[in-house]
file upload03.csv (CSV, C-alpha atoms)
chain,number,residue,atom,x,y,z
A,1,MET,CA,-58.0,42.7,12.2
A,2,LYS,CA,-54.7,43.6,10.7
A,3,GLY,CA,-54.2,40.0,9.6
A,4,VAL,CA,-57.5,40.2,7.6
A,5,ARG,CA,-56.4,43.4,5.9
A,6,PHE,CA,-53.0,41.9,5.0
A,7,TRP,CA,-54.9,38.9,3.5
A,8,GLN,CA,-57.1,41.2,1.5
A,9,TRP,CA,-54.1,43.2,0.2
A,10,VAL,CA,-52.6,40.0,-1.3
A,11,TRP,CA,-55.7,38.0,-2.3
A,12,THR,CA,-58.4,40.5,-3.3
A,13,PRO,CA,-59.0,39.7,-6.9
A,14,GLY,CA,-58.3,42.7,-9.1
A,15,GLY,CA,-59.3,45.2,-6.5
A,16,ARG,CA,-63.0,44.1,-6.3
A,17,GLY,CA,-64.6,45.5,-3.2
A,18,SER,CA,-61.9,48.2,-2.8
A,19,ARG,CA,-61.8,51.7,-4.0
A,20,ASN,CA,-59.1,52.3,-6.6
A,21,HIS,CA,-57.1,54.9,-4.7
A,22,ALA,CA,-57.2,52.7,-1.5
A,23,TYR,CA,-56.2,49.6,-3.5
A,24,LEU,CA,-53.2,51.3,-5.0
A,25,ARG,CA,-52.2,52.6,-1.5
A,26,GLU,CA,-52.4,49.1,0.0
A,27,ARG,CA,-50.4,47.6,-2.9
A,28,LEU,CA,-47.8,50.3,-2.4
A,29,VAL,CA,-47.3,49.0,1.1
A,30,VAL,CA,-47.7,45.2,0.7
A,31,LEU,CA,-45.7,44.5,-2.4
A,32,PRO,CA,-42.4,46.1,-1.4
A,33,LEU,CA,-42.9,44.5,2.1
A,34,LEU,CA,-43.3,41.0,0.6
A,35,THR,CA,-40.4,41.6,-1.7
A,36,ALA,CA,-38.2,42.4,1.3
A,37,LEU,CA,-39.5,39.3,3.2
A,38,ALA,CA,-38.8,37.1,0.1
A,39,PHE,CA,-35.3,38.3,-0.5
A,40,THR,CA,-33.8,39.2,2.9
A,41,PRO,CA,-34.0,35.8,4.7
A,42,PHE,CA,-33.3,34.0,1.4
A,43,ALA,CA,-30.1,36.0,0.8
A,44,TRP,CA,-28.9,35.2,4.3
A,45,ALA,CA,-29.8,31.5,4.1
A,46,TYR,CA,-28.4,31.0,0.6
A,47,SER,CA,-25.2,32.8,1.6
A,48,SER,CA,-24.9,30.5,4.6
A,49,VAL,CA,-25.2,27.4,2.5
A,50,ARG,CA,-22.8,28.6,-0.2
A,51,GLY,CA,-20.4,30.0,2.4
A,52,GLY,CA,-20.4,26.7,4.2
A,53,ALA,CA,-19.5,24.8,1.0
A,54,ALA,CA,-16.7,27.3,0.3
A,55,TYR,CA,-15.3,26.9,3.8
A,56,VAL,CA,-15.4,23.1,3.5
A,57,GLN,CA,-13.8,23.1,0.1
A,58,GLU,CA,-11.1,25.8,0.7
A,59,ARG,CA,-10.2,25.2,4.3
A,60,VAL,CA,-11.5,22.2,6.2
A,61,ALA,CA,-11.1,19.5,3.5
A,62,PRO,CA,-7.5,20.6,2.6
A,63,ALA,CA,-6.6,20.7,6.3
A,64,LEU,CA,-7.9,17.2,6.8
A,65,GLY,CA,-6.0,16.0,3.8
A,66,ASN,CA,-2.8,17.7,4.9
A,67,LEU,CA,-3.0,16.3,8.4
A,68,ALA,CA,-3.7,12.8,7.2
A,69,GLU,CA,-0.8,13.0,4.7
A,70,ALA,CA,1.6,14.3,7.4
A,71,ARG,CA,0.5,11.6,9.9
A,72,VAL,CA,0.9,8.7,7.4
A,73,SER,CA,4.1,10.1,5.9
A,74,LEU,CA,5.8,10.3,9.3
A,75,GLN,CA,4.9,6.7,10.1
A,76,ILE,CA,6.2,5.5,6.7
A,77,ALA,CA,9.4,7.6,7.3
A,78,ASP,CA,9.7,6.0,10.7
A,79,GLN,CA,9.7,2.6,9.0
A,80,GLU,CA,12.4,3.8,6.5
A,81,ALA,CA,14.6,5.1,9.3
A,82,SER,CA,14.3,1.8,11.2
A,83,ASP,CA,15.2,-0.2,8.1
A,84,SER,CA,18.1,2.1,7.3
A,85,LEU,CA,19.5,2.0,10.9
A,86,ARG,CA,19.6,-1.8,10.8
A,87,ALA,CA,22.6,-1.5,8.4
A,88,GLY,CA,24.6,-0.5,11.4
A,89,ARG,CA,27.9,1.3,10.8
A,90,ALA,CA,27.2,1.6,7.0
A,91,VAL,CA,24.4,4.0,7.6
A,92,GLU,CA,26.8,6.5,9.1
A,93,LEU,CA,28.4,6.8,5.7
A,94,SER,CA,25.4,6.5,3.4
A,95,GLY,CA,22.9,8.3,5.7
A,96,LEU,CA,19.3,7.5,6.1
A,97,SER,CA,17.4,6.6,2.9
A,98,GLU,CA,16.3,9.2,0.4
A,99,ARG,CA,12.8,8.1,0.9
A,100,TYR,CA,13.0,8.9,4.6
A,101,ARG,CA,14.1,12.5,3.8
A,102,ILE,CA,11.4,12.9,1.2
A,103,LEU,CA,8.7,11.7,3.5
A,104,SER,CA,9.9,13.8,6.4
A,105,THR,CA,10.1,16.9,4.3
A,106,ARG,CA,6.6,16.2,2.9
A,107,ALA,CA,5.2,15.8,6.4
A,108,THR,CA,6.7,19.2,7.5
A,109,GLN,CA,5.4,20.9,4.3
A,110,ARG,CA,1.9,19.5,4.9
A,111,LEU,CA,1.9,20.8,8.5
A,112,ASN,CA,2.9,24.2,7.3
A,113,GLN,CA,0.1,24.2,4.8
A,114,VAL,CA,-2.4,23.4,7.6
A,115,ALA,CA,-1.0,26.3,9.6
A,116,ARG,CA,-1.5,28.7,6.6
A,117,GLY,CA,-4.9,27.3,5.6
A,118,GLY,CA,-7.0,29.2,8.1
A,119,ALA,CA,-9.0,26.2,9.2
A,120,LEU,CA,-7.7,26.0,12.8
A,121,SER,CA,-8.6,28.1,15.8
A,122,MET,CA,-6.0,29.9,17.8
A,123,ALA,CA,-5.8,27.1,20.3
A,124,GLU,CA,-5.5,24.5,17.5
A,125,ARG,CA,-2.7,26.6,15.9
A,126,GLN,CA,-0.8,26.4,19.2
A,127,ASP,CA,-1.3,22.6,19.2
A,128,LEU,CA,0.0,22.5,15.7
A,129,ASP,CA,3.1,24.4,16.7
A,130,VAL,CA,3.7,21.8,19.4
A,131,VAL,CA,3.4,19.1,16.7
A,132,ALA,CA,5.9,20.9,14.5
A,133,GLY,CA,8.3,21.1,17.4
A,134,LEU,CA,7.9,17.4,18.2
A,135,VAL,CA,8.5,16.5,14.6
A,136,ALA,CA,11.7,18.5,14.7
A,137,ASP,CA,12.7,16.6,17.9
A,138,TYR,CA,11.9,13.3,16.2
A,139,GLY,CA,14.2,14.2,13.4
A,140,THR,CA,17.0,15.2,15.8
A,141,TRP,CA,16.8,12.0,17.7
A,142,THR,CA,16.7,9.9,14.5
A,143,ALA,CA,19.8,11.8,13.3
A,144,TRP,CA,21.5,11.0,16.6
A,145,ALA,CA,20.7,7.4,16.2
A,146,GLN,CA,22.3,7.5,12.8
A,147,ALA,CA,25.4,9.2,14.2
A,148,ASN,CA,25.7,6.4,16.7
A,149,ALA,CA,24.8,3.6,14.4
A,150,ASP,CA,28.0,1.6,15.3
A,151,ASP,CA,26.9,1.4,18.9
A,152,PRO,CA,23.8,-0.9,19.0
A,153,ALA,CA,22.8,0.2,22.5
A,154,LEU,CA,22.9,3.9,21.8
A,155,ARG,CA,21.3,3.5,18.4
A,156,LYS,CA,18.4,1.5,19.8
A,157,ALA,CA,17.9,3.9,22.7
A,158,ALA,CA,17.9,7.0,20.4
A,159,LEU,CA,15.6,5.3,17.9
A,160,ALA,CA,13.2,4.2,20.7
A,161,TYR,CA,13.0,7.7,22.1
A,162,ALA,CA,12.5,9.1,18.7
A,163,ARG,CA,9.7,6.7,18.1
A,164,SER,CA,8.1,7.5,21.5
A,165,ILE,CA,7.9,11.1,20.3
A,166,LEU,CA,6.0,9.9,17.2
A,167,CYS,CA,3.8,7.3,18.7
A,168,SER,CA,2.6,6.7,22.3
A,169,ALA,CA,1.4,3.3,21.5
A,170,ARG,CA,1.5,0.8,18.6
A,171,GLU,CA,-1.1,-1.3,16.9
A,172,LYS,CA,-1.3,-4.8,18.3
A,173,PRO,CA,0.7,-7.2,16.1
A,174,SER,CA,-1.1,-10.0,14.3
A,175,THR,CA,0.3,-13.4,13.4
A,176,SER,CA,1.0,-12.2,9.9
A,177,SER,CA,2.7,-8.9,10.9
A,178,GLY,CA,6.4,-8.3,10.5
A,179,PRO,CA,8.7,-6.8,13.2
A,180,ASP,CA,7.2,-4.5,15.8
A,181,GLU,CA,8.7,-1.4,14.2
A,182,HIS,CA,6.5,-1.9,11.1
A,183,LEU,CA,3.3,-1.6,13.1
A,184,GLY,CA,1.2,1.5,12.8
A,185,CYS,CA,0.6,4.0,15.6
A,186,ARG,CA,-2.4,3.7,17.8
A,187,HIS,CA,-3.5,7.1,19.0
A,188,ASN,CA,-4.3,7.8,22.7
A,189,THR,CA,-6.7,10.3,24.2
A,190,GLY,CA,-6.7,12.4,27.3
A,191,SER,CA,-3.6,12.8,29.4
A,192,ASP,CA,-1.8,10.1,27.5
A,193,ALA,CA,-2.2,11.9,24.1
A,194,THR,CA,1.3,13.5,24.0
A,195,ALA,CA,2.9,12.0,20.9
A,196,VAL,CA,2.7,13.5,17.4
A,197,VAL,CA,0.1,11.0,16.0
A,198,ASP,CA,-2.1,11.6,19.1
A,199,ARG,CA,-2.1,15.4,18.7
A,200,VAL,CA,-2.6,15.2,14.9
A,201,THR,CA,-5.5,12.8,15.4
A,202,ALA,CA,-7.0,15.2,17.9
A,203,LEU,CA,-6.8,18.0,15.4
A,204,GLU,CA,-8.4,15.9,12.8
A,205,ARG,CA,-11.3,15.1,15.1
A,206,ALA,CA,-11.8,18.8,15.9
A,207,LEU,CA,-11.9,19.5,12.2
A,208,GLN,CA,-14.4,16.7,11.6
A,209,LYS,CA,-16.7,18.2,14.2
A,210,ARG,CA,-16.4,21.6,12.6
A,211,LEU,CA,-17.1,20.0,9.3
A,212,ALA,CA,-20.2,18.3,10.6
A,213,SER,CA,-21.5,21.5,12.1
A,214,ARG,CA,-21.0,23.4,8.9
A,215,VAL,CA,-22.7,20.9,6.8
A,216,ALA,CA,-25.7,20.4,9.0
A,217,VAL,CA,-28.6,22.6,8.0
A,218,GLY,CA,-29.6,24.6,11.1
A,219,ALA,CA,-33.2,25.4,12.1
A,220,ASP,CA,-32.5,29.1,11.5
A,221,VAL,CA,-31.6,28.4,7.9
A,222,LEU,CA,-34.6,26.2,7.3
A,223,ALA,CA,-36.8,28.9,8.9
A,224,ALA,CA,-35.3,31.6,6.7
A,225,PHE,CA,-36.0,29.5,3.6
A,226,LEU,CA,-39.6,28.8,4.8
A,227,VAL,CA,-40.3,32.5,5.4
A,228,SER,CA,-38.9,33.4,2.0
A,229,GLY,CA,-40.9,30.7,0.3
A,230,VAL,CA,-44.2,31.8,1.8
A,231,ALA,CA,-43.4,35.5,1.0
A,232,PHE,CA,-42.4,34.4,-2.6
A,233,LEU,CA,-45.8,32.7,-3.2
A,234,LEU,CA,-47.7,35.6,-1.8
A,235,LEU,CA,-45.6,38.1,-3.8
A,236,VAL,CA,-46.2,36.2,-7.1
A,237,ARG,CA,-50.0,36.2,-6.4
A,238,GLY,CA,-49.8,39.9,-5.5
A,239,TYR,CA,-48.0,40.9,-8.6
A,240,TRP,CA,-50.5,39.0,-10.7
A,241,ARG,CA,-53.5,40.6,-9.1
A,242,THR,CA,-51.9,44.0,-9.4
A,243,GLN,CA,-51.4,43.6,-13.1
A,244,VAL,CA,-55.0,42.5,-13.4
A,245,PHE,CA,-56.1,45.6,-11.5
A,246,LEU,CA,-54.0,47.9,-13.7
A,247,HIS,CA,-55.4,46.2,-16.8
A,248,ARG,CA,-59.0,46.7,-15.7
A,249,ARG,CA,-58.7,50.2,-14.3
A,250,PHE,CA,-55.8,51.8,-16.2
A,251,ARG,CA,-56.4,49.9,-19.5
A,252,LEU,CA,-52.8,48.8,-19.5
A,253,HIS,CA,-52.0,45.5,-21.2
A,254,ALA,CA,-49.1,45.1,-18.7
A,255,SER,CA,-47.0,47.4,-16.5
A,256,LEU,CA,-43.5,47.1,-17.8
A,257,PRO,CA,-41.9,48.6,-14.7
A,258,LEU,CA,-43.6,46.1,-12.5
A,259,LEU,CA,-42.6,43.3,-14.9
A,260,GLY,CA,-39.0,44.5,-14.7
A,261,ALA,CA,-39.3,44.6,-10.9
A,262,ALA,CA,-40.5,41.0,-10.8
A,263,VAL,CA,-37.6,39.7,-12.9
A,264,PRO,CA,-35.3,39.1,-9.9
A,265,LEU,CA,-38.1,36.8,-8.6
A,266,LEU,CA,-37.3,34.3,-11.4
A,267,ALA,CA,-33.9,33.8,-9.9
A,268,LEU,CA,-35.1,32.6,-6.5
A,269,PRO,CA,-36.3,29.1,-7.6
A,270,LEU,CA,-33.1,28.6,-9.4
A,271,LEU,CA,-31.0,29.6,-6.4
A,272,ALA,CA,-33.1,27.4,-4.2
A,273,VAL,CA,-32.3,24.4,-6.5
A,274,ASP,CA,-28.7,25.3,-6.3
A,275,ALA,CA,-28.8,25.5,-2.5
A,276,VAL,CA,-30.3,21.9,-2.4
A,277,LEU,CA,-27.5,20.7,-4.8
A,278,VAL,CA,-24.8,22.4,-2.7
A,279,GLN,CA,-26.2,20.9,0.5
A,280,ARG,CA,-26.3,17.4,-1.0
A,281,ALA,CA,-22.7,17.8,-2.3
A,282,GLN,CA,-21.6,18.8,1.1
A,283,SER,CA,-23.1,15.7,2.6
A,284,ASP,CA,-21.3,13.5,0.1
A,285,ALA,CA,-18.0,15.4,0.6
A,286,THR,CA,-18.3,15.0,4.3
A,287,ALA,CA,-18.5,11.3,4.1
A,288,THR,CA,-15.4,11.2,1.9
A,289,ALA,CA,-13.6,13.7,4.2
A,290,ARG,CA,-14.2,11.4,7.1
A,291,ALA,CA,-12.4,8.6,5.3
A,292,LEU,CA,-9.3,10.8,5.2
A,293,SER,CA,-8.9,10.5,9.0
A,294,GLY,CA,-9.5,6.7,8.7
A,295,ARG,CA,-6.2,6.2,6.7
A,296,THR,CA,-4.0,5.4,9.7
A,297,THR,CA,-2.1,2.4,8.3
A,298,PRO,CA,1.4,3.4,7.2
A,299,ALA,CA,1.3,1.4,4.0
A,300,ASP,CA,2.9,2.6,0.8
A,301,LYS,CA,-0.5,2.9,-0.9
A,302,SER,CA,-1.9,5.1,1.9
A,303,THR,CA,-0.5,8.4,0.6
A,304,ALA,CA,-2.0,7.7,-2.9
A,305,GLU,CA,-5.4,6.9,-1.3
A,306,ILE,CA,-5.3,10.1,0.7
A,307,ALA,CA,-4.5,12.1,-2.5
A,308,ASP,CA,-7.4,10.3,-4.3
A,309,LEU,CA,-9.8,11.2,-1.4
A,310,GLU,CA,-8.7,14.8,-1.5
A,311,ASP,CA,-9.4,15.0,-5.2
A,312,SER,CA,-12.8,13.3,-4.6
A,313,VAL,CA,-13.8,15.9,-1.9
A,314,ASP,CA,-12.9,18.7,-4.2
A,315,ARG,CA,-14.6,17.2,-7.2
A,316,GLU,CA,-17.8,16.4,-5.3
A,317,LEU,CA,-18.0,20.0,-4.0
A,318,ALA,CA,-17.2,21.5,-7.4
A,319,GLU,CA,-19.5,19.3,-9.5
A,320,GLY,CA,-22.4,19.3,-7.0
A,321,ARG,CA,-23.4,22.9,-7.6
A,322,LEU,CA,-24.4,25.2,-10.4
A,323,ALA,CA,-20.9,26.7,-11.1
A,324,TYR,CA,-22.3,29.7,-13.1
A,325,LEU,CA,-24.0,30.9,-9.9
A,326,ASP,CA,-20.7,31.3,-8.0
A,327,GLY,CA,-20.5,34.8,-6.6
A,328,VAL,CA,-24.3,35.4,-7.1
A,329,SER,CA,-25.1,35.2,-3.4
A,330,VAL,CA,-23.8,38.7,-2.6
A,331,TRP,CA,-26.2,40.2,-5.2
A,332,VAL,CA,-29.4,38.5,-4.0
A,333,LEU,CA,-30.2,41.1,-1.3
A,334,PRO,CA,-29.3,44.2,-3.4
A,335,ALA,CA,-31.5,42.8,-6.3
A,336,GLY,CA,-34.4,42.3,-3.9
A,337,LEU,CA,-34.1,45.8,-2.4
A,338,LEU,CA,-33.9,47.2,-5.9
A,339,SER,CA,-37.0,45.3,-6.9
A,340,ALA,CA,-38.8,46.6,-3.8
A,341,ALA,CA,-37.8,50.2,-4.6
A,342,VAL,CA,-38.9,49.9,-8.3
A,343,THR,CA,-42.2,48.4,-7.3
A,344,GLY,CA,-42.9,51.1,-4.7
A,345,GLY,CA,-41.9,53.9,-7.0
A,346,THR,CA,-44.0,52.5,-9.8
A,347,LEU,CA,-47.1,52.1,-7.7
A,348,HIS,CA,-46.6,55.5,-6.2
A,349,ALA,CA,-46.5,57.0,-9.7
A,350,TYR,CA,-49.7,55.2,-10.7
A,351,ARG,CA,-51.4,56.3,-7.5
A,352,ARG,CA,-50.5,60.0,-8.1
A,353,GLU,CA,-51.6,59.7,-11.7
A,354,TYR,CA,-54.9,58.2,-10.7
A,355,VAL,CA,-55.6,60.9,-8.2
A,356,ARG,CA,-54.7,63.6,-10.8
A,357,LEU,CA,-57.0,62.1,-13.4
A,358,THR,CA,-60.0,61.2,-11.2
A,359,PRO,CA,-62.9,63.5,-12.2
A,360,ALA,CA,-64.5,65.6,-9.5
A,361,GLY,CA,-67.2,63.7,-7.7
A,362,ALA,CA,-66.1,60.3,-9.0
A,363,THR,CA,-65.4,57.4,-6.7
A,364,PRO,CA,-61.7,57.3,-6.0
call {"tool": "encode", "arguments": {"input": "upload03.csv", "output": "structure tokens"}}
result
Amino acid sequence: MKGVRFWQWVWTPGGRGSRNHAYLRERLVVLPLLTALAFTPFAWAYSSVRGGAAYVQERVAPALGNLAEARVSLQIADQEASDSLRAGRAVELSGLSERYRILSTRATQRLNQVARGGALSMAERQDLDVVAGLVADYGTWTAWAQANADDPALRKAALAYARSILCSAREKPSTSSGPDEHLGCRHNTGSDATAVVDRVTALERALQKRLASRVAVGADVLAAFLVSGVAFLLLVRGYWRTQVFLHRRFRLHASLPLLGAAVPLLALPLLAVDAVLVQRAQSDATATARALSGRTTPADKSTAEIADLEDSVDRELAEGRLAYLDGVSVWVLPAGLLSAAVTGGTLHAYRREYVRLTPAGATP
């Protein structure tokens, strides 16, 4: 029975079949209620979509880029150290190459940026601290190999131990590959994943899973948009019929307060379009971000490719939304509640005026 009454509240054309006083009382209830149903779930769902995009752009994507850059830079630095140490005693005087020092410093800086970025959980931060410690150990043993460059046995032993800290396994050489030390690292999993590349790759995979979960549209978000959409359509119909009623019974061309209260409704379709665009941009950026973890070959061009991919992720997320709507999500719910309050106050005032002006004995 209540469902029938609700349907009548929304769809009764211009108050036909209803007494004027009763019609206003019903509109006083249903229109603010529909406004709340239209704005509240929409505000939550839209904030979730926008917040997910901001989280990906500001935290996850930079962390993936920094981890990939650190991983590749360390492997290229390892090649540089190996090449420098081949010089034997001369490296004791000249030191390891400048490029080795630059790449090692870059890797350390990238790991520090990941630690400060806020994308990692507490357990992942602890794993990152272990990685930082292993990178320092790698540098210590590489320096020890340099200090004993005139002794081939000690030099090779120190370099081999340093490289075991960096890689637990190497890629299989091909017929066209150079010396073994120029092969990239192959990451292990499980109990064998103890080296730097293994741990960094594990962190990348964890972030990839988090990225996928953030980008995926959950059933709760879809349900919120659905409820809001239905309430929006009913609310538009309700506002129109209420305006028709006021025109017929109050001789008003239009109720300006109700028109003002309905203005925030105009923003909902635009925000819905923006949510679709943001979601599509997240999907595109996710595919690009996955490629960051795929850059495992320690080639000279790898670092440039990683930088290009980082820029692509940021550009896709920045250009795939309506930029002028940034920051609007926090105002959706207040605007809806204000609209509901203005609607309720306006209809309450019309109802009181109608009761006051109704002649004695007339049908209310």
call {"tool": "atom_distance", "arguments": {"input": "upload03.csv", "atom1": "atom CA of A:Val330", "atom2": "atom CA of A:Trp240"}}
result
27.9 Å
call {"tool": "atom_distance", "arguments": {"input": "upload03.csv", "atom1": "atom CA of A:Glu316", "atom2": "atom CA of A:Ala45"}}
result
21.5 Å
call {"tool": "atom_distance", "arguments": {"input": "upload03.csv", "atom1": "atom CA of A:Arg205", "atom2": "atom CA of A:Glu58"}}
result
17.9 Å
call {"tool": "closest_residue", "arguments": {"input": "upload03.csv", "among": "A:Leu222, A:Ala153, A:Val332, A:Ala162", "to": "A:Ala43", "atoms": "all atoms listed in the file"}}
result
A:Val332
call {"tool": "residues_around", "arguments": {"input": "upload03.csv", "residues": "stretch 249-262 of chain A", "least_positions_apart": "6", "cutoff": "7 Å", "atoms": "all atoms listed in the file", "output": "count of residues only"}}
result
5
call {"tool": "residues_around", "arguments": {"input": "upload03.csv", "residues": "stretch 138-142 of chain A", "least_positions_apart": "3", "cutoff": "8 Å", "atoms": "all atoms listed in the file", "output": "PyMOL selection string"}}
result
chain A and resi 81+134-135+145-146+158-159+161-163+165-166
call {"tool": "closest_residue", "arguments": {"input": "upload03.csv", "among": "A:Ala193, A:Leu207, A:Leu226, A:Val328", "to": "A:Leu270", "atoms": "all atoms listed in the file"}}
result
A:Val328
call {"tool": "closest_residue", "arguments": {"input": "upload03.csv", "among": "A:Ala53, A:Ala115, A:Leu31, A:Leu265", "to": "A:Arg214", "atoms": "all atoms listed in the file"}}
result
A:Ala53
call {"tool": "closest_residue", "arguments": {"input": "upload03.csv", "among": "A:Leu246, A:Ala38, A:Val29, A:Val217", "to": "A:Leu337", "atoms": "all atoms listed in the file"}}
result
A:Ala38
call {"tool": "residues_around", "arguments": {"input": "upload03.csv", "residues": "A:Pro32", "least_positions_apart": "2", "cutoff": "8 Å", "atoms": "all atoms listed in the file", "output": "list of chain:residue names"}}
result
A:Leu28, A:Val29, A:Val30, A:Leu34, A:Thr35, A:Ala36, A:Ser339, A:Ala340, A:Ala341, A:Thr343, A:Gly344
call {"tool": "closest_residue", "arguments": {"input": "upload03.csv", "among": "A:Gln113, A:Ser283, A:Ser228, A:Thr303", "to": "A:Pro269", "atoms": "all atoms listed in the file"}}
result
A:Ser228
call {"tool": "closest_residue", "arguments": {"input": "upload03.csv", "among": "A:Arg241, A:Arg110, A:Lys156, A:Arg290", "to": "A:Ala206", "atoms": "all atoms listed in the file"}}
result
A:Arg290
call {"tool": "decode", "arguments": {"input": "upload03.csv", "residues": "stretch 99-110 of chain A", "atoms": "N, CA, C and O atoms", "output": "mmCIF file, in the first residue's frame"}}
result
data_model
loop_
_atom_site.group_PDB
_atom_site.id
_atom_site.type_symbol
_atom_site.label_atom_id
_atom_site.label_comp_id
_atom_site.auth_asym_id
_atom_site.auth_seq_id
_atom_site.Cartn_x
_atom_site.Cartn_y
_atom_site.Cartn_z
ATOM 1 N N ARG A 99 79.423 6.640 -14.087
ATOM 2 C CA ARG A 99 78.063 6.176 -14.383
ATOM 3 C C ARG A 99 77.579 5.197 -13.318
ATOM 4 O O ARG A 99 76.399 5.196 -12.976
ATOM 5 N N TYR A 100 78.480 4.366 -12.823
ATOM 6 C CA TYR A 100 78.105 3.451 -11.733
ATOM 7 C C TYR A 100 77.634 4.239 -10.524
ATOM 8 O O TYR A 100 76.599 3.915 -9.919
ATOM 9 N N ARG A 101 78.358 5.272 -10.150
ATOM 10 C CA ARG A 101 77.980 6.067 -8.982
ATOM 11 C C ARG A 101 76.658 6.802 -9.202
ATOM 12 O O ARG A 101 75.823 6.896 -8.297
ATOM 13 N N ILE A 102 76.470 7.302 -10.418
ATOM 14 C CA ILE A 102 75.212 8.010 -10.713
ATOM 15 C C ILE A 102 74.026 7.060 -10.626
ATOM 16 O O ILE A 102 72.982 7.380 -10.021
ATOM 17 N N LEU A 103 74.166 5.891 -11.222
ATOM 18 C CA LEU A 103 73.063 4.931 -11.222
ATOM 19 C C LEU A 103 72.776 4.398 -9.822
ATOM 20 O O LEU A 103 71.612 4.217 -9.445
ATOM 21 N N SER A 104 73.815 4.154 -9.048
ATOM 22 C CA SER A 104 73.618 3.673 -7.678
ATOM 23 C C SER A 104 72.902 4.728 -6.840
ATOM 24 O O SER A 104 71.985 4.414 -6.061
ATOM 25 N N THR A 105 73.322 5.981 -6.999
ATOM 26 C CA THR A 105 72.669 7.070 -6.257
ATOM 27 C C THR A 105 71.221 7.231 -6.697
ATOM 28 O O THR A 105 70.324 7.457 -5.869
ATOM 29 N N ARG A 106 70.977 7.118 -7.995
ATOM 30 C CA ARG A 106 69.615 7.238 -8.509
ATOM 31 C C ARG A 106 68.725 6.139 -7.934
ATOM 32 O O ARG A 106 67.573 6.404 -7.553
ATOM 33 N N ALA A 107 69.242 4.913 -7.890
ATOM 34 C CA ALA A 107 68.452 3.809 -7.347
ATOM 35 C C ALA A 107 68.093 4.061 -5.887
ATOM 36 O O ALA A 107 66.947 3.844 -5.462
ATOM 37 N N THR A 108 69.062 4.540 -5.103
ATOM 38 C CA THR A 108 68.804 4.824 -3.692
ATOM 39 C C THR A 108 67.764 5.929 -3.538
ATOM 40 O O THR A 108 66.855 5.850 -2.691
ATOM 41 N N GLN A 109 67.876 6.969 -4.357
ATOM 42 C CA GLN A 109 66.908 8.063 -4.300
ATOM 43 C C GLN A 109 65.514 7.594 -4.666
ATOM 44 O O GLN A 109 64.520 8.002 -4.033
ATOM 45 N N ARG A 110 65.423 6.746 -5.664
ATOM 46 C CA ARG A 110 64.107 6.223 -6.069
ATOM 47 C C ARG A 110 63.485 5.394 -4.954
ATOM 48 O O ARG A 110 62.274 5.489 -4.703
#
